[in-house]
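Structure data (TSV, C-alpha atoms) from target02.tsv:
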```tsv
chain	number	residue	atom	x	y	z
A	1	MET	CA	-14.18	22.44	-1.85
A	2	SER	CA	-10.91	24.25	-2.48
A	3	ILE	CA	-7.72	22.36	-3.24
A	4	ARG	CA	-6.19	23.66	-0.01
A	5	THR	CA	-9.12	22.30	2.03
A	6	ALA	CA	-8.92	18.95	0.25
A	7	ALA	CA	-5.18	18.74	0.89
A	8	THR	CA	-5.68	19.56	4.58
A	9	ILE	CA	-8.32	16.83	4.91
A	10	ALA	CA	-6.08	14.31	3.11
A	11	ILE	CA	-3.14	15.05	5.40
A	12	ALA	CA	-5.38	14.73	8.49
A	13	ILE	CA	-6.66	11.35	7.27
A	14	ALA	CA	-3.11	10.19	6.57
A	15	ILE	CA	-1.94	11.14	10.04
A	16	THR	CA	-4.95	9.40	11.61
A	17	LEU	CA	-4.38	6.23	9.62
A	18	ALA	CA	-0.67	6.26	10.37
A	19	GLY	CA	-1.56	6.20	14.05
A	20	CYS	CA	-3.41	2.90	13.66
A	21	THR	CA	-0.45	0.79	14.72
A	22	THR	CA	-0.46	-2.67	16.17
A	23	SER	CA	0.99	-2.95	19.65
A	24	SER	CA	2.12	-6.53	19.28
A	25	ASP	CA	5.24	-7.54	21.21
A	26	VAL	CA	5.88	-10.46	18.91
A	27	SER	CA	6.87	-10.91	15.29
A	28	ARG	CA	7.53	-13.55	12.66
A	29	THR	CA	11.11	-13.54	13.93
A	30	LEU	CA	10.39	-14.02	17.60
A	31	GLY	CA	7.32	-14.95	19.54
A	32	ALA	CA	4.56	-15.41	16.97
A	33	ARG	CA	2.29	-18.41	17.35
A	34	CYS	CA	2.98	-21.16	14.83
A	35	ASP	CA	2.29	-24.70	13.80
A	36	SER	CA	5.08	-24.95	11.23
A	37	SER	CA	8.27	-23.09	10.29
A	38	GLY	CA	6.53	-21.67	7.20
A	39	GLU	CA	4.77	-19.24	9.53
A	40	CYS	CA	8.06	-17.92	10.92
A	41	ALA	CA	11.09	-16.02	9.68
A	42	GLY	CA	13.25	-18.75	11.22
A	43	ARG	CA	11.94	-21.90	12.82
A	44	CYS	CA	8.85	-22.92	14.75
A	45	LEU	CA	9.09	-24.52	18.17
A	46	PRO	CA	5.74	-26.35	18.18
A	47	ASP	CA	3.18	-26.59	20.91
A	48	GLY	CA	3.82	-30.31	21.18
A	49	ALA	CA	7.48	-29.72	22.07
A	50	GLY	CA	6.60	-27.69	25.15
A	51	TYR	CA	6.01	-24.24	23.68
A	52	PRO	CA	2.32	-23.49	24.28
A	53	GLY	CA	0.66	-22.20	21.11
A	54	GLY	CA	3.92	-22.64	19.18
A	55	PHE	CA	6.75	-20.16	19.17
A	56	CYS	CA	8.64	-18.59	16.26
A	57	THR	CA	12.34	-18.27	16.96
A	58	LEU	CA	15.76	-18.20	15.35
A	59	VAL	CA	18.45	-20.84	15.43
A	60	CYS	CA	21.42	-19.33	17.24
A	61	ASN	CA	24.78	-19.96	18.88
A	62	ARG	CA	25.23	-16.56	20.52
A	63	SER	CA	22.82	-14.08	22.07
A	64	ALA	CA	24.16	-11.46	19.69
A	65	GLU	CA	22.33	-13.38	16.95
A	66	CYS	CA	18.99	-12.89	18.72
A	67	PRO	CA	16.71	-9.85	18.88
A	68	ALA	CA	17.58	-7.42	21.67
A	69	THR	CA	14.84	-8.58	24.03
A	70	SER	CA	15.95	-12.20	23.96
A	71	ALA	CA	18.82	-14.54	24.75
A	72	CYS	CA	20.26	-17.58	22.99
A	73	VAL	CA	19.71	-20.56	25.26
A	74	ASP	CA	20.93	-24.13	25.06
A	75	ARG	CA	17.60	-25.69	24.05
A	76	GLU	CA	16.60	-27.22	20.71
A	77	GLY	CA	20.18	-26.88	19.49
A	78	GLY	CA	20.24	-23.17	20.26
A	79	ALA	CA	17.13	-20.99	20.24
A	80	CYS	CA	16.31	-17.38	21.01
A	81	LEU	CA	13.81	-16.98	23.84
A	82	PHE	CA	12.48	-13.81	25.43
A	83	SER	CA	14.48	-12.64	28.44
A	84	CYS	CA	12.44	-12.15	31.61
A	85	ALA	CA	12.74	-10.89	35.17
A	86	GLY	CA	9.71	-12.57	36.73
A	87	GLU	CA	6.51	-14.48	35.96
A	88	ASP	CA	4.71	-11.31	34.89
A	89	SER	CA	7.31	-10.75	32.18
A	90	CYS	CA	6.06	-13.82	30.30
A	91	ALA	CA	2.33	-13.21	30.70
A	92	PHE	CA	2.08	-11.67	27.22
A	93	LEU	CA	2.91	-15.06	25.70
A	94	GLY	CA	-0.26	-16.61	27.15
A	95	GLU	CA	-1.07	-19.49	29.42
A	96	GLY	CA	1.59	-22.08	30.15
A	97	TRP	CA	4.57	-19.78	29.81
A	98	ARG	CA	6.79	-19.07	32.77
A	99	CYS	CA	10.04	-17.34	33.55
A	100	ALA	CA	12.75	-19.93	34.26
A	101	GLU	CA	16.47	-20.38	34.30
A	102	GLU	CA	18.25	-21.81	31.25
A	103	ASP	CA	21.84	-22.36	30.18
A	104	LEU	CA	23.25	-19.71	27.89
A	105	ARG	CA	24.11	-21.35	24.56
A	106	GLU	CA	27.49	-19.68	24.16
A	107	ASP	CA	28.53	-20.43	27.75
A	108	THR	CA	26.55	-23.25	29.34
A	109	SER	CA	27.99	-22.47	32.75
A	110	THR	CA	26.08	-19.18	32.71
A	111	LYS	CA	22.37	-19.13	33.54
A	112	VAL	CA	19.87	-16.67	32.10
A	113	MET	CA	16.19	-16.11	32.83
A	114	VAL	CA	13.97	-16.68	29.79
A	115	CYS	CA	10.32	-17.32	29.01
A	116	ARG	CA	9.68	-20.98	28.25
A	117	GLY	CA	6.98	-23.58	28.38
A	118	PRO	CA	6.27	-25.88	31.32
B	1	MET	CA	-42.56	24.65	-53.34
B	2	SER	CA	-39.11	23.72	-54.55
B	3	ARG	CA	-37.83	27.22	-53.63
B	4	ALA	CA	-39.17	26.75	-50.09
B	5	VAL	CA	-37.42	23.39	-49.77
B	6	ILE	CA	-34.13	24.81	-51.00
B	7	LEU	CA	-34.42	27.75	-48.60
B	8	LEU	CA	-35.18	25.44	-45.66
B	9	ALA	CA	-32.22	23.20	-46.55
B	10	ALA	CA	-29.93	26.23	-46.72
B	11	VAL	CA	-31.10	27.47	-43.31
B	12	LEU	CA	-30.61	24.03	-41.71
B	13	ALA	CA	-27.18	23.65	-43.27
B	14	SER	CA	-26.03	27.05	-42.02
B	15	ALA	CA	-27.44	26.29	-38.54
B	16	GLY	CA	-25.55	22.97	-38.48
B	17	ALA	CA	-22.34	24.69	-39.48
B	18	ALA	CA	-22.81	27.26	-36.73
B	19	THR	CA	-23.41	24.49	-34.17
B	20	ALA	CA	-20.27	22.70	-35.30
B	21	ARG	CA	-18.23	25.84	-34.85
B	22	ALA	CA	-19.68	26.53	-31.38
B	23	GLU	CA	-19.15	22.97	-30.06
B	24	PRO	CA	-15.80	21.64	-31.23
B	25	LEU	CA	-14.99	18.07	-30.40
B	26	PRO	CA	-13.42	17.78	-26.90
B	27	ASP	CA	-9.73	17.09	-26.57
B	28	GLN	CA	-8.73	13.62	-25.55
B	29	GLY	CA	-5.42	12.13	-24.60
B	30	VAL	CA	-3.66	9.04	-23.37
B	31	ALA	CA	-0.69	8.85	-21.06
B	32	ALA	CA	1.64	6.24	-19.66
B	33	ALA	CA	3.89	6.68	-16.67
B	34	VAL	CA	6.24	4.69	-14.48
B	35	GLY	CA	7.46	5.40	-10.97
B	36	ALA	CA	7.49	4.15	-7.42
B	37	ALA	CA	4.85	3.69	-4.77
B	38	THR	CA	5.37	3.26	-1.07
B	39	GLY	CA	2.96	1.08	0.80
B	40	GLY	CA	3.37	-0.78	4.06
B	41	ARG	CA	1.38	-3.15	6.24
B	42	LEU	CA	-1.51	-3.99	3.91
B	43	THR	CA	-0.95	-1.35	1.23
B	44	PRO	CA	1.03	-2.61	-1.76
B	45	GLY	CA	4.12	-0.71	-2.84
B	46	GLY	CA	6.92	-1.06	-5.35
B	47	VAL	CA	7.29	-0.21	-9.01
B	48	ARG	CA	4.23	1.59	-10.31
B	49	VAL	CA	3.04	1.63	-13.90
B	50	THR	CA	0.03	3.72	-14.86
B	51	GLY	CA	-2.04	4.24	-17.97
B	52	HIS	CA	-4.39	7.20	-18.34
B	53	TYR	CA	-7.26	8.15	-20.58
B	54	LEU	CA	-7.92	11.89	-20.51
B	55	TYR	CA	-11.03	13.65	-21.73
B	56	GLN	CA	-11.49	17.39	-21.56
B	57	LEU	CA	-14.54	18.40	-19.55
B	58	SER	CA	-14.04	22.16	-19.47
B	59	SER	CA	-11.33	24.73	-20.02
B	60	GLN	CA	-9.70	23.68	-16.74
B	61	ASP	CA	-10.93	20.19	-15.92
B	62	TRP	CA	-10.16	16.84	-17.49
B	63	PHE	CA	-11.64	13.45	-16.74
B	64	ASP	CA	-8.77	11.12	-15.84
B	65	GLY	CA	-9.46	7.39	-16.06
B	66	THR	CA	-6.49	5.42	-14.82
B	67	ALA	CA	-5.28	1.85	-14.64
B	68	VAL	CA	-2.61	1.39	-11.98
B	69	PHE	CA	-0.31	-1.61	-11.62
B	70	THR	CA	1.94	-1.94	-8.58
B	71	PHE	CA	4.67	-4.56	-8.47
B	72	GLY	CA	6.36	-5.20	-5.13
B	73	SER	CA	8.03	-8.17	-3.51
B	74	ALA	CA	6.12	-11.26	-2.42
B	75	GLN	CA	7.99	-11.49	0.87
B	76	ALA	CA	5.97	-12.96	3.74
B	77	ALA	CA	5.34	-10.55	6.60
B	78	CYS	CA	2.22	-11.81	8.34
B	79	PHE	CA	2.14	-13.81	11.54
B	80	ARG	CA	-0.21	-14.90	14.30
B	81	ASP	CA	0.18	-12.91	17.49
B	82	ARG	CA	-0.23	-14.53	20.89
B	83	ALA	CA	-3.99	-13.89	20.81
B	84	ASP	CA	-4.04	-15.86	17.53
B	85	ALA	CA	-4.93	-12.80	15.47
B	86	VAL	CA	-3.21	-12.41	12.09
B	87	VAL	CA	-0.98	-9.33	11.94
B	88	CYS	CA	0.73	-8.13	8.75
B	89	ASN	CA	3.72	-5.81	8.74
B	90	HIS	CA	4.68	-5.59	5.10
B	91	GLY	CA	7.43	-3.26	4.03
B	92	LEU	CA	7.22	-0.19	1.81
B	93	ALA	CA	7.72	-2.19	-1.38
B	94	ASP	CA	5.76	-5.41	-0.82
B	95	GLY	CA	2.70	-6.75	-2.56
B	96	THR	CA	1.11	-6.38	-5.96
B	97	GLY	CA	-1.91	-4.34	-6.91
B	98	LEU	CA	-4.25	-3.57	-9.76
B	99	GLU	CA	-6.52	-0.56	-9.63
B	100	LEU	CA	-8.96	1.23	-11.88
B	101	SER	CA	-9.76	4.78	-10.91
B	102	ALA	CA	-11.75	7.71	-12.18
B	103	GLY	CA	-11.10	11.29	-11.29
B	104	VAL	CA	-10.62	14.86	-12.33
B	105	ARG	CA	-7.44	16.67	-13.21
B	106	ARG	CA	-7.66	20.43	-12.81
B	107	MET	CA	-5.16	22.33	-14.91
B	108	PHE	CA	-3.87	25.65	-13.63
B	109	ALA	CA	-2.58	28.60	-15.61
B	110	PRO	CA	0.44	27.62	-17.72
B	111	GLN	CA	3.79	29.18	-17.02
B	112	GLY	CA	5.55	29.00	-20.34
B	113	ARG	CA	5.79	25.38	-21.36
B	114	TYR	CA	4.90	24.19	-17.88
B	115	GLN	CA	1.43	23.74	-16.52
B	116	PRO	CA	0.76	22.61	-12.94
B	117	PHE	CA	-2.29	20.55	-12.07
B	118	ALA	CA	-4.11	18.99	-9.16
B	119	ARG	CA	-5.76	15.61	-9.33
B	120	ALA	CA	-8.37	13.79	-7.27
B	121	ALA	CA	-9.68	10.32	-8.02
B	122	VAL	CA	-11.45	7.38	-6.47
B	123	GLY	CA	-10.76	3.82	-7.50
B	124	PHE	CA	-11.42	0.14	-7.04
B	125	ALA	CA	-8.32	-1.85	-6.20
B	126	LEU	CA	-7.37	-5.49	-5.91
B	127	MET	CA	-4.21	-6.38	-4.03
B	128	ARG	CA	-2.25	-9.50	-3.15
B	129	PHE	CA	0.62	-10.31	-0.84
B	130	GLY	CA	1.74	-13.60	-2.33
B	131	GLY	CA	4.08	-14.76	0.44
B	132	ASP	CA	1.24	-14.66	2.94
B	133	GLU	CA	-1.60	-15.67	0.62
B	134	VAL	CA	-3.36	-12.46	1.59
B	135	THR	CA	-5.77	-10.98	-0.95
B	136	GLY	CA	-7.91	-7.89	-0.63
B	137	ALA	CA	-10.16	-5.42	-2.39
B	138	GLY	CA	-10.50	-1.77	-1.54
B	139	ILE	CA	-11.67	1.71	-2.37
B	140	PRO	CA	-8.72	4.11	-2.42
B	141	LEU	CA	-8.92	7.87	-2.73
B	142	HIS	CA	-6.10	9.64	-4.57
B	143	LEU	CA	-5.14	13.25	-3.98
B	144	GLY	CA	-2.15	14.81	-5.63
B	145	GLY	CA	-0.80	16.97	-8.33
B	146	GLY	CA	2.00	17.46	-10.73
B	147	ILE	CA	3.33	19.38	-13.63
B	148	ARG	CA	2.94	18.97	-17.36
B	149	ALA	CA	5.71	20.12	-19.65
B	150	ARG	CA	4.67	20.57	-23.26
B	151	VAL	CA	7.14	19.14	-25.74
B	152	SER	CA	5.08	19.64	-28.90
B	153	LYS	CA	1.47	20.28	-29.85
B	154	ASP	CA	0.52	16.67	-29.20
B	155	LEU	CA	3.14	15.49	-26.73
B	156	ALA	CA	3.92	16.43	-23.15
B	157	VAL	CA	6.01	15.05	-20.32
B	158	VAL	CA	4.13	14.72	-17.04
B	159	ALA	CA	5.37	14.27	-13.47
B	160	ASN	CA	2.86	13.39	-10.79
B	161	GLY	CA	2.90	12.86	-7.04
B	162	GLU	CA	-0.01	11.67	-4.96
B	163	LEU	CA	-1.24	10.50	-1.61
B	164	LEU	CA	-3.45	7.45	-1.39
B	165	VAL	CA	-5.83	6.85	1.50
B	166	GLY	CA	-8.68	4.41	1.84
B	167	PHE	CA	-9.82	1.11	3.18
B	168	ALA	CA	-9.68	-2.46	1.96
B	169	ALA	CA	-11.12	-5.79	3.05
B	170	PHE	CA	-8.84	-8.83	3.26
B	171	ASN	CA	-9.08	-12.58	3.67
B	172	ARG	CA	-7.37	-14.62	6.44
B	173	ASN	CA	-9.63	-12.95	9.02
B	174	LEU	CA	-7.76	-9.67	8.60
B	175	GLY	CA	-11.04	-7.83	8.06
B	176	VAL	CA	-10.99	-4.22	6.93
B	177	ALA	CA	-7.68	-2.37	7.11
B	178	PRO	CA	-6.65	1.19	6.27
B	179	GLN	CA	-4.75	1.91	3.09
B	180	ILE	CA	-2.15	4.66	2.94
B	181	GLY	CA	0.64	5.28	0.51
B	182	LEU	CA	2.55	7.72	-1.60
B	183	ALA	CA	3.43	7.49	-5.27
B	184	ILE	CA	5.61	9.41	-7.68
B	185	THR	CA	5.43	8.79	-11.41
B	186	ALA	CA	6.68	10.37	-14.60
B	187	GLY	CA	5.66	9.69	-18.16
B	188	ALA	CA	4.47	10.92	-21.50
B	189	GLU	CA	1.09	12.23	-22.56
B	190	PHE	CA	-0.26	12.20	-26.08
B	191	ARG	CA	-3.20	14.20	-27.40
B	192	LEU	CA	-5.52	12.15	-29.59
```

Output the file's structure as structure tokens, nothing else.
Amino acid sequence: MSIRTAATIAIAIAITLAGCTTSSDVSRTLGARCDSSGECAGRCLPDGAGYPGGFCTLVCNRSAECPATSACVDREGGACLFSCAGEDSCAFLGEGWRCAEEDLREDTSTKVMVCRGP
Amino acid sequence: MSRAVILLAAVLASAGAATARAEPLPDQGVAAAVGAATGGRLTPGGVRVTGHYLYQLSSQDWFDGTAVFTFGSAQAACFRDRADAVVCNHGLADGTGLELSAGVRRMFAPQGRYQPFARAAVGFALMRFGGDEVTGAGIPLHLGGGIRARVSKDLAVVANGELLVGFAAFNRNLGVAPQIGLAITAGAEFRL
């Protein structure tokens, strides 16, 4: 096998492997399942507190402190939750999650729609 | 009788000398290099230190036995997705690794003091991402090349770049995951 052939095969393998991406919508920062905060970049909102499966989130006071797809709501002393537009928007989080209105942390007179437990 | 013995001894001695001239001892060398490796996901990356044992196989080809150490951060990057599957998204310079590999370095025609080469090797690697308690073992394939600059008869400076591809099996129900990375190293090579 020539060096050029070997290099071509190696590049093809690399491109193929690079395409093996995960399509997860969640991360250690926001949305991962958890039982304790050690599993999260920030804190864990546990299943027992009304977050089915547990939910990794960040402590926040303003939505600007949250990832782009989320809002800082006035729950648990300020937590980032995924923004939503309808029930389907929260389906990716699993059973028990629904799209509901919550007070915005930075302005409790303003309501935002976020995914939260029952 | 004694003349015959002396004659036979002389013939054997001359044949041995001829054999010694026709088959000189192969060249050997050792090399050490330092550089950087990029990993990601479940491929360790960070500072790379390598040690090589080189043994000349032919006029162009050298056996290259290598020990590779990769030192990256131990930052946690794994999590459980909503389906409760563990997903790891480590950065380019996370994890630690130890690998032993064996391969061939093909030297090309020298251009003055410089001599380019290509290298292919296969290895056995152990890797760990401490922050996530993820450990794995894999079989990486290395393809790359570099250039060797002769400093003296027994010393050369070597720069090497390579692509790593392969697969590794991990704990924490991660199963088998692809390995892909790039590495650049530079070091010194000594002829033994």

A straight line from CA of Ala32 in chain B to CA of Leu155 in chain B spans 11.7 Å

Would you kindly return, as a PDB file with C-alpha atoms, keeping the file's coordinate frame, each protein, DNA or RNA residue with an atom no farther than 6 Å from any atom of range 115-124 of chain B, considering all atoms listed in the file and excluding same-chain residues fewer than 3 positions away?
```
ATOM      1  CA  GLU B  99      -6.520  -0.560  -9.630  1.00  0.00           C
ATOM      2  CA  LEU B 100      -8.960   1.230 -11.880  1.00  0.00           C
ATOM      3  CA  SER B 101      -9.760   4.780 -10.910  1.00  0.00           C
ATOM      4  CA  ALA B 102     -11.750   7.710 -12.180  1.00  0.00           C
ATOM      5  CA  GLY B 103     -11.100  11.290 -11.290  1.00  0.00           C
ATOM      6  CA  VAL B 104     -10.620  14.860 -12.330  1.00  0.00           C
ATOM      7  CA  ARG B 105      -7.440  16.670 -13.210  1.00  0.00           C
ATOM      8  CA  ARG B 106      -7.660  20.430 -12.810  1.00  0.00           C
ATOM      9  CA  MET B 107      -5.160  22.330 -14.910  1.00  0.00           C
ATOM     10  CA  PHE B 108      -3.870  25.650 -13.630  1.00  0.00           C
ATOM     11  CA  PRO B 110       0.440  27.620 -17.720  1.00  0.00           C
ATOM     12  CA  GLN B 111       3.790  29.180 -17.020  1.00  0.00           C
ATOM     13  CA  GLY B 138     -10.500  -1.770  -1.540  1.00  0.00           C
ATOM     14  CA  ILE B 139     -11.670   1.710  -2.370  1.00  0.00           C
ATOM     15  CA  PRO B 140      -8.720   4.110  -2.420  1.00  0.00           C
ATOM     16  CA  LEU B 141      -8.920   7.870  -2.730  1.00  0.00           C
ATOM     17  CA  HIS B 142      -6.100   9.640  -4.570  1.00  0.00           C
ATOM     18  CA  LEU B 143      -5.140  13.250  -3.980  1.00  0.00           C
ATOM     19  CA  GLY B 144      -2.150  14.810  -5.630  1.00  0.00           C
ATOM     20  CA  GLY B 145      -0.800  16.970  -8.330  1.00  0.00           C
ATOM     21  CA  GLY B 146       2.000  17.460 -10.730  1.00  0.00           C
ATOM     22  CA  ILE B 147       3.330  19.380 -13.630  1.00  0.00           C
ATOM     23  CA  ARG B 148       2.940  18.970 -17.360  1.00  0.00           C
TER      24      ARG B 148
END
```

With all atoms listed in the file counted and 12 Å as the cut-off, give the residues of chain B in contact with chain A, each with its shortest interatomic distance in Å and the pair that gives it, as a Markdown table.
```
| residue | atom | partner | partner_atom | distance |
| --- | --- | --- | --- | --- |
| B:Gly39 | CA | A:Ala18 | CA | 11.5 |
| B:Gly40 | CA | A:Ala18 | CA | 10.3 |
| B:Arg41 | CA | A:Thr21 | CA | 9.5 |
| B:Leu42 | CA | A:Thr21 | CA | 11.9 |
| B:Thr43 | CA | A:Leu17 | CA | 11.8 |
| B:Gln75 | CA | A:Ala41 | CA | 10.4 |
| B:Ala76 | CA | A:Ala41 | CA | 8.4 |
| B:Ala77 | CA | A:Arg28 | CA | 7.1 |
| B:Cys78 | CA | A:Arg28 | CA | 7.1 |
| B:Phe79 | CA | A:Arg28 | CA | 5.5 |
| B:Arg80 | CA | A:Arg33 | CA | 5.3 |
| B:Asp81 | CA | A:Ala32 | CA | 5.1 |
| B:Arg82 | CA | A:Leu93 | CA | 5.8 |
| B:Ala83 | CA | A:Gly94 | CA | 7.8 |
| B:Asp84 | CA | A:Arg33 | CA | 6.8 |
| B:Ala85 | CA | A:Arg33 | CA | 9.3 |
| B:Val86 | CA | A:Ala32 | CA | 9.7 |
| B:Val87 | CA | A:Thr22 | CA | 7.9 |
| B:Cys88 | CA | A:Thr22 | CA | 9.3 |
| B:Asn89 | CA | A:Ser27 | CA | 8.9 |
| B:His90 | CA | A:Arg28 | CA | 11.3 |
| B:Arg105 | CA | A:Ile3 | CA | 11.5 |
| B:Arg106 | CA | A:Ile3 | CA | 9.8 |
| B:Met107 | CA | A:Ile3 | CA | 11.9 |
| B:Phe108 | CA | A:Ile3 | CA | 11.6 |
| B:Phe117 | CA | A:Ile3 | CA | 10.5 |
| B:Ala118 | CA | A:Ile3 | CA | 7.7 |
| B:Arg119 | CA | A:Ile3 | CA | 9.3 |
| B:Ala120 | CA | A:Ala6 | CA | 9.1 |
| B:Ala121 | CA | A:Ala6 | CA | 12.0 |
| B:Gly131 | CA | A:Gly38 | CA | 10.0 |
| B:Asp132 | CA | A:Glu39 | CA | 8.8 |
| B:Glu133 | CA | A:Glu39 | CA | 11.5 |
| B:Pro140 | CA | A:Ala10 | CA | 11.9 |
| B:Leu141 | CA | A:Ala10 | CA | 9.1 |
| B:His142 | CA | A:Ala10 | CA | 9.0 |
| B:Leu143 | CA | A:Ala10 | CA | 7.2 |
| B:Gly144 | CA | A:Ala7 | CA | 8.2 |
| B:Gly145 | CA | A:Ile3 | CA | 10.1 |
| B:Glu162 | CA | A:Ala10 | CA | 10.4 |
| B:Leu163 | CA | A:Ala10 | CA | 7.8 |
| B:Leu164 | CA | A:Ala14 | CA | 8.4 |
| B:Val165 | CA | A:Ala14 | CA | 6.7 |
| B:Gly166 | CA | A:Ile13 | CA | 9.0 |
| B:Phe167 | CA | A:Leu17 | CA | 9.9 |
| B:Ala177 | CA | A:Cys20 | CA | 9.4 |
| B:Pro178 | CA | A:Leu17 | CA | 6.5 |
| B:Gln179 | CA | A:Leu17 | CA | 7.8 |
| B:Ile180 | CA | A:Ala14 | CA | 6.7 |
| B:Gly181 | CA | A:Ala14 | CA | 8.7 |
| B:Leu182 | CA | A:Ala14 | CA | 10.2 |
```

Would you write out those residues with C-alpha atoms, as a PDB file, in the coordinates of the input?
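Writing the result to out-v8.pdb gives the following:
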```
ATOM      1  CA  GLY B  39       2.960   1.080   0.800  1.00  0.00           C
ATOM      2  CA  GLY B  40       3.370  -0.780   4.060  1.00  0.00           C
ATOM      3  CA  ARG B  41       1.380  -3.150   6.240  1.00  0.00           C
ATOM      4  CA  LEU B  42      -1.510  -3.990   3.910  1.00  0.00           C
ATOM      5  CA  THR B  43      -0.950  -1.350   1.230  1.00  0.00           C
ATOM      6  CA  GLN B  75       7.990 -11.490   0.870  1.00  0.00           C
ATOM      7  CA  ALA B  76       5.970 -12.960   3.740  1.00  0.00           C
ATOM      8  CA  ALA B  77       5.340 -10.550   6.600  1.00  0.00           C
ATOM      9  CA  CYS B  78       2.220 -11.810   8.340  1.00  0.00           C
ATOM     10  CA  PHE B  79       2.140 -13.810  11.540  1.00  0.00           C
ATOM     11  CA  ARG B  80      -0.210 -14.900  14.300  1.00  0.00           C
ATOM     12  CA  ASP B  81       0.180 -12.910  17.490  1.00  0.00           C
ATOM     13  CA  ARG B  82      -0.230 -14.530  20.890  1.00  0.00           C
ATOM     14  CA  ALA B  83      -3.990 -13.890  20.810  1.00  0.00           C
ATOM     15  CA  ASP B  84      -4.040 -15.860  17.530  1.00  0.00           C
ATOM     16  CA  ALA B  85      -4.930 -12.800  15.470  1.00  0.00           C
ATOM     17  CA  VAL B  86      -3.210 -12.410  12.090  1.00  0.00           C
ATOM     18  CA  VAL B  87      -0.980  -9.330  11.940  1.00  0.00           C
ATOM     19  CA  CYS B  88       0.730  -8.130   8.750  1.00  0.00           C
ATOM     20  CA  ASN B  89       3.720  -5.810   8.740  1.00  0.00           C
ATOM     21  CA  HIS B  90       4.680  -5.590   5.100  1.00  0.00           C
ATOM     22  CA  ARG B 105      -7.440  16.670 -13.210  1.00  0.00           C
ATOM     23  CA  ARG B 106      -7.660  20.430 -12.810  1.00  0.00           C
ATOM     24  CA  MET B 107      -5.160  22.330 -14.910  1.00  0.00           C
ATOM     25  CA  PHE B 108      -3.870  25.650 -13.630  1.00  0.00           C
ATOM     26  CA  PHE B 117      -2.290  20.550 -12.070  1.00  0.00           C
ATOM     27  CA  ALA B 118      -4.110  18.990  -9.160  1.00  0.00           C
ATOM     28  CA  ARG B 119      -5.760  15.610  -9.330  1.00  0.00           C
ATOM     29  CA  ALA B 120      -8.370  13.790  -7.270  1.00  0.00           C
ATOM     30  CA  ALA B 121      -9.680  10.320  -8.020  1.00  0.00           C
ATOM     31  CA  GLY B 131       4.080 -14.760   0.440  1.00  0.00           C
ATOM     32  CA  ASP B 132       1.240 -14.660   2.940  1.00  0.00           C
ATOM     33  CA  GLU B 133      -1.600 -15.670   0.620  1.00  0.00           C
ATOM     34  CA  PRO B 140      -8.720   4.110  -2.420  1.00  0.00           C
ATOM     35  CA  LEU B 141      -8.920   7.870  -2.730  1.00  0.00           C
ATOM     36  CA  HIS B 142      -6.100   9.640  -4.570  1.00  0.00           C
ATOM     37  CA  LEU B 143      -5.140  13.250  -3.980  1.00  0.00           C
ATOM     38  CA  GLY B 144      -2.150  14.810  -5.630  1.00  0.00           C
ATOM     39  CA  GLY B 145      -0.800  16.970  -8.330  1.00  0.00           C
ATOM     40  CA  GLU B 162      -0.010  11.670  -4.960  1.00  0.00           C
ATOM     41  CA  LEU B 163      -1.240  10.500  -1.610  1.00  0.00           C
ATOM     42  CA  LEU B 164      -3.450   7.450  -1.390  1.00  0.00           C
ATOM     43  CA  VAL B 165      -5.830   6.850   1.500  1.00  0.00           C
ATOM     44  CA  GLY B 166      -8.680   4.410   1.840  1.00  0.00           C
ATOM     45  CA  PHE B 167      -9.820   1.110   3.180  1.00  0.00           C
ATOM     46  CA  ALA B 177      -7.680  -2.370   7.110  1.00  0.00           C
ATOM     47  CA  PRO B 178      -6.650   1.190   6.270  1.00  0.00           C
ATOM     48  CA  GLN B 179      -4.750   1.910   3.090  1.00  0.00           C
ATOM     49  CA  ILE B 180      -2.150   4.660   2.940  1.00  0.00           C
ATOM     50  CA  GLY B 181       0.640   5.280   0.510  1.00  0.00           C
ATOM     51  CA  LEU B 182       2.550   7.720  -1.600  1.00  0.00           C
TER      52      LEU B 182
END
```

Between A:Glu106, A:Glu76, A:Asp47, A:Glu101, which residue has the minimum interatomic distance to Ser63 in chain A, considering all atoms listed in the file? A:Glu106

Have a look at A:Leu104, A:Leu30, A:Val114, A:Cys72 and name the one nearest to Asp88 in chain A; count only C-alpha atoms.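 Residue with the minimum atom-to-atom distance to Asp88 in chain A: A:Val114.
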
Shell around Thr70 in chain B at 8 Å using all atoms listed in the file, local window under 5 positions removed, as a VMD selection string: chain B and resid 37 44 to 49 95 to 98

Go ahead and write the residues just picked, C-alpha atoms, as an mmCIF file, keeping the file's coordinate frame.
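again.cif was written with the following content:
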```cif
data_model
loop_
_atom_site.group_PDB
_atom_site.id
_atom_site.type_symbol
_atom_site.label_atom_id
_atom_site.label_comp_id
_atom_site.auth_asym_id
_atom_site.auth_seq_id
_atom_site.Cartn_x
_atom_site.Cartn_y
_atom_site.Cartn_z
ATOM 1 C CA ALA B 37 4.850 3.690 -4.770
ATOM 2 C CA PRO B 44 1.030 -2.610 -1.760
ATOM 3 C CA GLY B 45 4.120 -0.710 -2.840
ATOM 4 C CA GLY B 46 6.920 -1.060 -5.350
ATOM 5 C CA VAL B 47 7.290 -0.210 -9.010
ATOM 6 C CA ARG B 48 4.230 1.590 -10.310
ATOM 7 C CA VAL B 49 3.040 1.630 -13.900
ATOM 8 C CA GLY B 95 2.700 -6.750 -2.560
ATOM 9 C CA THR B 96 1.110 -6.380 -5.960
ATOM 10 C CA GLY B 97 -1.910 -4.340 -6.910
ATOM 11 C CA LEU B 98 -4.250 -3.570 -9.760
#
```

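Computed from the coordinates, the CA of Arg128 in chain B to CA of Ser73 in chain B distance equals 10.4 Å.
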
What does the distance from CA of Gly65 in chain B to CA of Val30 in chain B come to in Å, to one decimal? 9.5 Å

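Look at Gly86 in chain A: the protein and nucleic acid residues within 12 Å of it, using all atoms listed in the file and passing over chain neighbours fewer than 4 places away, are Phe82, Cys90, Ala91, Trp97, Arg98, Cys99, Ala100, Glu101, Val112, Met113, Val114, Cys115 and Arg116 of chain A.
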